[in-house]
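The next block is query-v9.json, given as JSON, C-alpha atoms and all ligand atoms.
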```
[["chain", "number", "residue", "atom", "x", "y", "z"],
["A", 5, "MET", "CA", -65.30, -168.77, -42.43],
["A", 6, "ASP", "CA", -69.01, -168.20, -41.97],
["A", 7, "GLU", "CA", -70.78, -167.87, -45.31],
["A", 8, "LYS", "CA", -73.03, -165.06, -44.06],
["A", 9, "ILE", "CA", -70.04, -162.96, -43.10],
["A", 10, "ILE", "CA", -68.49, -163.39, -46.53],
["A", 11, "THR", "CA", -71.70, -162.32, -48.28],
["A", 12, "ARG", "CA", -72.05, -159.23, -46.15],
["A", 13, "TYR", "CA", -68.43, -158.33, -46.69],
["A", 14, "GLU", "CA", -68.73, -158.59, -50.45],
["A", 15, "LYS", "CA", -71.78, -156.39, -50.56],
["A", 16, "LYS", "CA", -70.03, -153.72, -48.61],
["A", 17, "ASN", "CA", -66.90, -153.87, -50.71],
["A", 18, "GLN", "CA", -67.98, -154.30, -54.29],
["A", 19, "ARG", "CA", -65.41, -156.45, -55.98],
["A", 20, "LEU", "CA", -63.69, -155.60, -59.21],
["A", 21, "PHE", "CA", -65.30, -158.36, -61.25],
["A", 22, "GLN", "CA", -68.78, -157.43, -60.12],
["A", 23, "LEU", "CA", -68.20, -153.83, -61.07],
["A", 24, "ILE", "CA", -66.91, -154.66, -64.53],
["A", 25, "TYR", "CA", -69.77, -157.07, -65.02],
["A", 26, "LYS", "CA", -72.26, -154.40, -64.03],
["A", 27, "ILE", "CA", -70.99, -151.44, -66.01],
["A", 28, "LYS", "CA", -69.25, -153.27, -68.87],
["A", 29, "LEU", "CA", -66.54, -150.64, -69.12],
["A", 30, "TRP", "CA", -62.84, -150.82, -68.56],
["A", 31, "PRO", "CA", -60.51, -147.87, -67.99],
["A", 32, "ALA", "CA", -57.10, -148.95, -69.27],
["A", 33, "ARG", "CA", -53.91, -147.78, -67.60],
["A", 34, "SER", "CA", -53.43, -145.38, -70.52],
["A", 35, "GLY", "CA", -56.68, -143.65, -69.55],
["A", 36, "ILE", "CA", -58.64, -144.97, -72.49],
["A", 37, "LEU", "CA", -62.08, -146.23, -71.64],
["A", 38, "HIS", "CA", -62.94, -149.50, -73.37],
["A", 39, "GLY", "CA", -66.27, -151.24, -73.73],
["A", 40, "VAL", "CA", -66.28, -154.73, -72.23],
["A", 41, "LYS", "CA", -67.70, -157.40, -74.49],
["A", 42, "ASN", "CA", -67.12, -160.37, -72.26],
["A", 43, "ILE", "CA", -65.88, -161.17, -68.80],
["A", 44, "GLU", "CA", -65.08, -164.74, -67.89],
["A", 45, "SER", "CA", -64.42, -165.35, -64.24],
["A", 46, "ARG", "CA", -61.87, -168.00, -63.35],
["A", 47, "GLY", "CA", -61.56, -168.06, -59.60],
["A", 48, "ASN", "CA", -59.64, -165.06, -58.37],
["A", 49, "LYS", "CA", -58.87, -163.86, -61.86],
["A", 50, "ALA", "CA", -60.96, -163.11, -64.93],
["A", 51, "VAL", "CA", -60.40, -162.82, -68.64],
["A", 52, "VAL", "CA", -61.80, -159.56, -69.95],
["A", 53, "THR", "CA", -62.41, -159.03, -73.67],
["A", 54, "THR", "CA", -63.10, -155.56, -75.01],
["A", 55, "HIS", "CA", -65.17, -154.63, -78.04],
["A", 56, "CYS", "CA", -62.00, -153.62, -79.89],
["A", 57, "GLY", "CA", -60.65, -157.13, -79.46],
["A", 58, "ILE", "CA", -58.20, -156.82, -76.58],
["A", 59, "SER", "CA", -58.12, -159.68, -74.11],
["A", 60, "PHE", "CA", -56.39, -159.52, -70.78],
["A", 61, "VAL", "CA", -56.40, -161.08, -67.36],
["A", 62, "VAL", "CA", -57.46, -159.07, -64.34],
["A", 63, "TRP", "CA", -57.01, -160.14, -60.75],
["A", 64, "ASP", "CA", -59.84, -159.65, -58.35],
["A", 65, "SER", "CA", -58.68, -157.07, -55.90],
["A", 66, "LYS", "CA", -60.31, -154.68, -53.49],
["A", 67, "ASN", "CA", -57.71, -152.03, -53.85],
["A", 68, "CYS", "CA", -56.14, -151.66, -57.24],
["A", 69, "ARG", "CA", -55.76, -148.95, -59.85],
["A", 70, "SER", "CA", -58.61, -150.11, -62.08],
["A", 71, "LEU", "CA", -61.05, -150.44, -59.20],
["A", 72, "ARG", "CA", -60.22, -146.95, -57.95],
["A", 73, "TRP", "CA", -60.70, -145.56, -61.44],
["A", 74, "LEU", "CA", -64.00, -147.34, -61.87],
["A", 75, "ARG", "CA", -65.23, -146.05, -58.53],
["A", 76, "ASN", "CA", -64.13, -142.52, -59.31],
["A", 77, "SER", "CA", -65.44, -142.68, -62.88],
["A", 78, "TYR", "CA", -62.00, -141.75, -64.10],
["A", 79, "TYR", "CA", -60.87, -141.90, -67.73],
["A", 80, "LYS", "CA", -59.15, -139.63, -70.22],
["A", 81, "LYS", "CA", -60.94, -140.50, -73.42],
["A", 82, "PRO", "CA", -63.18, -143.25, -74.79],
["A", 83, "CYS", "CA", -61.75, -145.87, -77.14],
["A", 84, "PRO", "CA", -62.68, -144.98, -80.73],
["A", 85, "LYS", "CA", -62.82, -148.63, -81.76],
["A", 86, "CYS", "CA", -65.13, -149.75, -78.97],
["A", 87, "LYS", "CA", -67.79, -147.19, -79.97],
["A", 88, "ILE", "CA", -69.19, -146.89, -76.47],
["A", 89, "PRO", "CA", -72.63, -145.24, -76.66],
["A", 90, "GLY", "CA", -72.78, -141.73, -75.25],
["A", 91, "TRP", "CA", -75.41, -142.55, -72.65],
["A", 92, "LYS", "CA", -73.17, -145.24, -71.24],
["A", 93, "ILE", "CA", -70.24, -142.88, -70.82],
["A", 94, "ASP", "CA", -72.64, -140.35, -69.39],
["A", 95, "LYS", "CA", -73.90, -142.84, -66.87],
["A", 96, "TYR", "CA", -70.37, -143.87, -66.01],
["A", 97, "SER", "CA", -69.31, -140.26, -65.47],
["A", 98, "LYS", "CA", -72.31, -139.33, -63.39],
["A", 99, "THR", "CA", -73.03, -142.41, -61.33],
["A", 100, "GLY", "CA", -69.82, -142.93, -59.46],
["A", 101, "PHE", "CA", -69.84, -146.18, -57.55],
["A", 102, "LYS", "CA", -69.29, -145.00, -54.04],
["B", 201, "ZN", "ZN", -61.45, -150.39, -77.07]]
```
Render the structure in this file as structure tokens.
Amino acid sequence: MDEKIITRYEKKNQRLFQLIYKIKLWPARSGILHGVKNIESRGNKAVVTTHCGISFVVWDSKNCRSLRWLRNSYYKKPCPKCKIPGWKIDKYSKTGFK
């Protein structure tokens, strides 16, 4: 595949890893919003570590639950252990990555 086409495609469809890397937040399936301490990309998957010490593997996908939630700024409540600063949650709620 042409490299230029790939680059353009990725810009148009922000990938999951890039989003997490940018906003450093992770809405868990339970609806709890965690702060991301570290994200380590390993090909088409990445190991995400939260501030409260949870580590998990996420697969890079253009259409998955977490990506939809990130784009829609969805979460139920912030994680009490991660102590995400208010401005960050504010930014997350208002920005909306559309
Ligand atoms: Zn947490």
Inset, instruction - Write as a ChimeraX atom specification the residues around ligand ZN 201 (chain B), taking 10 Å as the cut-off and counting only C-alpha atoms and all ligand atoms. - result: /A:29-32,36-41,53-58,82-88
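Proximity to Val52 of chain A was assessed for A:Lys66, A:Ser34, A:Ser77, A:Leu20 counting only C-alpha atoms; the smallest distance is recorded for A:Leu20.
With all atoms listed in the file as the atoms that count, the residue of A:Gly35, A:Ser97, A:Asn67, A:Val62 with the shortest distance to Tyr79 of chain A is A:Gly35.
For the choices A:Lys92, A:Arg75, A:Lys81, A:Arg19, the atom-to-atom distance to Lys49 of chain A is smallest for A:Arg19 when using only C-alpha atoms.
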Legend entry - Selected residue of minimal separation from Ile24 of chain A among A:Leu71, A:Pro89, A:Asn76, A:Ser65, counting all atoms listed in the file: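 When distances to Ile24 of chain A are compared using all atoms listed in the file, the smallest one comes from A:Leu71.
Proximity ranking of A:Gly90, A:Lys95, A:Arg33, A:Gly47 relative to Arg69 of chain A places A:Arg33 first, based on all atoms listed in the file.
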Inset, instruction - Provide the atom CA of Trp63 of chain A to atom CA of Ala50 of chain A distance in Å, to one decimal place. - result: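 A separation of 6.5 Å between them.
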Legend entry - Two-atom distance - atom CA of Ser45 of chain A, atom CA of Ser70 of chain A (Å): 16.5 Å
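Here the question is which of A:Ile93, A:Ile43, A:Cys68, A:Ile27 gets nearest to Lys80 of chain A using all atoms listed in the file, and that residue is A:Ile93.
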Centre and size of axis-aligned box enclosing segment 64-76 of chain A plus 6 Å each side, as JSON:
```
{"center_x": -60.5, "center_y": -151.1, "center_z": -57.8, "size_x": 21.5, "size_y": 29.1, "size_z": 20.6}
```
Inset, instruction - To one decimal in Å, tell me the separation between atom CA of Val51 of chain A and atom CA of Leu23 of chain A. - result: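 Interatomic distance, atom CA of Val51 of chain A to atom CA of Leu23 of chain A: 14.1 Å.
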